[in-house]
Amino acid sequence: MTVRAFFEAAKVEGVQSPYDTIHLKILYPAQIPDQLEKSTRIEPANPENAPFPVVILFNGFNCDAQQYQWLAVKLAERGLVVVLFNWITESLPGVISLIPGIDLEKMKPTIYRTAPTASALPALIAKLEQLQNQGVLAGMLDLQRIILGGHSAGGMVSIQNADPRFFPGVAASFAYGATNRGLLRIGYEPGTILALPDSLPMLLMGGTRDEFIVNSTELYGLSPGDATTPVIRTFQEAITGGRNDTYLVILEGANHFSIIDRPDSTTVGPSLDLEATQSQENLRLLMSEIIGLFIDTHVRHQPEASQSLKQLLNTANPLIKSFERK
């Protein structure tokens, strides 16, 4: 399936200029017309799988959205619309960063779970509603089947905000290299794992070489330990489950940045990680297949996808260290 993209921008209310603008790249399944019929630089969407579920991908801190384009293309090839975005704004007082949009005030113990923590998400959904009414995707978006996905801090945002109370159109979430630990500096007791919304399908993934998670443990009052322990604890303690649509997949030899195209050596994050011990190409192929089948099973309700996902996760694979479902 041919994938094309276009660019958009959205304003975030309550943020001071020039840091109030999000830049979006929207990838979609395209229908390439005959050369003689081309009259614009934007090809029409392929209506075959419309209306399209929409995946919103939240990047990790200081990870450019372009680093996730490989995954966006893989998902768009399955008949999904995928939103990548960059938002450069204040992450902490006086610190300007490329962020996924986390409202730390809403993360505090007295407020958490009473309001959404995703500061970018309302603007992104408003932009999708606008695109549903005009442009190349007009009438082709299924805004009742929005999937939130992300990496690292962006993964935390995605799983915290997959809550129909705040965003009725959200249907599922997935995350790689993300946990739901409570920060000491905003008032949590050491070692706290925060509860997650638990009414929608969720996929958590982590890597055995994720030293970035290990190096951040002191922020949460924990002793350094195994790279996968905080991810596993998030699955075990933050989610009740009981519907068999919540998954934990630990990837052997994957590090914190295995999900991105090429770690940016000019930022601090990659220097805190270990080298992956498995081929990035093989890890990415597996990640994209697991994510795609998870969406096809639990959002698009394709019976054959359910069987394929079950087979993929239960078949001996040297890249999968462990798998749980509840």
# chains A, B, ... in the order shown; residues from 1 in each chain; ligands from 1

call {"tool": "residues_around", "arguments": {"residues": "A:Gln31", "least_positions_apart": "4", "cutoff": "8 Å", "atoms": "only C-alpha atoms", "output": "short mmCIF file (atom, residue, chain, number, x, y, z; two decimals) with all heavy atoms, in the first residue's frame"}}
result
data_model
loop_
_atom_site.label_atom_id
_atom_site.label_comp_id
_atom_site.auth_asym_id
_atom_site.auth_seq_id
_atom_site.Cartn_x
_atom_site.Cartn_y
_atom_site.Cartn_z
N THR A 2 0.57 2.20 -0.86
CA THR A 2 1.33 3.44 -0.93
C THR A 2 1.00 4.35 0.25
O THR A 2 -0.16 4.52 0.61
CB THR A 2 1.03 4.19 -2.24
OG1 THR A 2 1.36 3.33 -3.34
CG2 THR A 2 1.84 5.47 -2.34
N GLU A 43 -1.70 13.48 -2.98
CA GLU A 43 -2.49 12.41 -3.57
C GLU A 43 -3.70 12.10 -2.69
O GLU A 43 -3.64 12.24 -1.47
CB GLU A 43 -1.65 11.13 -3.74
CG GLU A 43 -0.67 11.19 -4.89
CD GLU A 43 0.69 11.73 -4.47
OE1 GLU A 43 0.80 12.19 -3.31
OE2 GLU A 43 1.62 11.71 -5.29
N PRO A 44 -4.81 11.69 -3.29
CA PRO A 44 -6.00 11.36 -2.50
C PRO A 44 -5.78 10.13 -1.64
O PRO A 44 -4.93 9.28 -1.94
CB PRO A 44 -7.07 11.11 -3.58
CG PRO A 44 -6.30 10.75 -4.80
CD PRO A 44 -5.03 11.52 -4.74
N ALA A 45 -6.55 10.02 -0.57
CA ALA A 45 -6.49 8.83 0.28
C ALA A 45 -7.15 7.66 -0.43
O ALA A 45 -8.06 7.84 -1.25
CB ALA A 45 -7.20 9.11 1.60
N ASN A 46 -6.67 6.47 -0.14
CA ASN A 46 -7.26 5.26 -0.69
C ASN A 46 -8.50 4.91 0.13
O ASN A 46 -8.39 4.60 1.33
CB ASN A 46 -6.24 4.13 -0.62
CG ASN A 46 -6.71 2.88 -1.33
OD1 ASN A 46 -7.90 2.65 -1.47
ND2 ASN A 46 -5.78 2.06 -1.79
N PRO A 47 -9.69 4.96 -0.46
CA PRO A 47 -10.92 4.76 0.32
C PRO A 47 -11.19 3.31 0.69
O PRO A 47 -12.15 3.03 1.41
CB PRO A 47 -12.00 5.29 -0.63
CG PRO A 47 -11.44 5.03 -1.99
CD PRO A 47 -9.96 5.22 -1.89
#

call {"tool": "residues_around", "arguments": {"residues": "A:Ile295", "least_positions_apart": "3", "cutoff": "10 Å", "atoms": "only C-alpha atoms", "output": "list in words"}}
result
Pro53, Val55, Leu75, Arg78, Leu80, Arg145, Ile147, Ala171, Ala172, Ser173, Phe174, Pro201, Met202, Leu203, Glu289, Ile290, Ile291, Gly292, His298, Val299, Arg300, His301, Gln302, Ala305 and Ser306 of chain A

call {"tool": "atom_distance", "arguments": {"atom1": "atom CA of A:Thr277", "atom2": "atom CA of A:Glu218"}}
result
25.7 Å

call {"tool": "atom_distance", "arguments": {"atom1": "atom CA of A:Thr117", "atom2": "atom CA of A:Asn59"}}
result
15.1 Å

call {"tool": "residues_around", "arguments": {"residues": "A:Ile260", "least_positions_apart": "3", "cutoff": "7 Å", "atoms": "only C-alpha atoms", "output": "list in words"}}
result
Gln67, Tyr68, Phe257 and Pro263 of chain A

call {"tool": "select_by_dssp", "arguments": {"residues": "stretch 48-204 of chain A", "states": "helix (DSSP H, G or I)", "output": "VMD selection string"}}
result
chain A and resid 48 to 49 65 to 76 104 to 107 121 to 133 153 to 160 184 to 186

call {"tool": "select_by_dssp", "arguments": {"residues": "stretch 134-259 of chain A", "states": "strand (DSSP E)", "output": "mmCIF file with C-alpha atoms, in the first residue's frame"}}
result
data_model
loop_
_atom_site.group_PDB
_atom_site.id
_atom_site.type_symbol
_atom_site.label_atom_id
_atom_site.label_comp_id
_atom_site.auth_asym_id
_atom_site.auth_seq_id
_atom_site.Cartn_x
_atom_site.Cartn_y
_atom_site.Cartn_z
ATOM 1 C CA LEU A 141 -11.234 9.302 9.733
ATOM 2 C CA ASP A 142 -12.732 7.076 12.402
ATOM 3 C CA LEU A 143 -12.419 9.362 15.412
ATOM 4 C CA GLN A 144 -14.124 6.780 17.605
ATOM 5 C CA ARG A 145 -11.111 4.499 17.092
ATOM 6 C CA ILE A 146 -8.077 6.546 18.140
ATOM 7 C CA ILE A 147 -5.021 4.631 19.358
ATOM 8 C CA LEU A 148 -2.489 6.373 21.595
ATOM 9 C CA GLY A 149 1.042 5.031 21.288
ATOM 10 C CA GLY A 150 4.427 6.216 22.398
ATOM 11 C CA HIS A 151 8.015 5.756 23.481
ATOM 12 C CA VAL A 170 -9.676 6.652 22.325
ATOM 13 C CA ALA A 171 -9.926 2.880 21.793
ATOM 14 C CA ALA A 172 -6.542 1.447 22.858
ATOM 15 C CA SER A 173 -2.944 2.308 23.771
ATOM 16 C CA PHE A 174 0.575 0.941 23.429
ATOM 17 C CA ALA A 175 3.980 1.930 24.786
ATOM 18 C CA TYR A 176 7.636 0.967 24.481
ATOM 19 C CA MET A 202 -3.190 -1.930 26.280
ATOM 20 C CA LEU A 203 0.177 -3.196 25.036
ATOM 21 C CA LEU A 204 3.346 -2.617 27.104
ATOM 22 C CA MET A 205 6.767 -3.449 25.662
ATOM 23 C CA GLY A 206 10.250 -3.194 27.122
ATOM 24 C CA GLY A 207 13.813 -4.275 26.379
ATOM 25 C CA THR A 246 -3.664 -6.232 28.164
ATOM 26 C CA TYR A 247 -0.207 -7.442 27.095
ATOM 27 C CA LEU A 248 3.360 -7.292 28.373
ATOM 28 C CA VAL A 249 6.141 -8.187 25.916
ATOM 29 C CA ILE A 250 9.824 -8.080 26.923
ATOM 30 C CA LEU A 251 12.218 -8.030 23.986
#
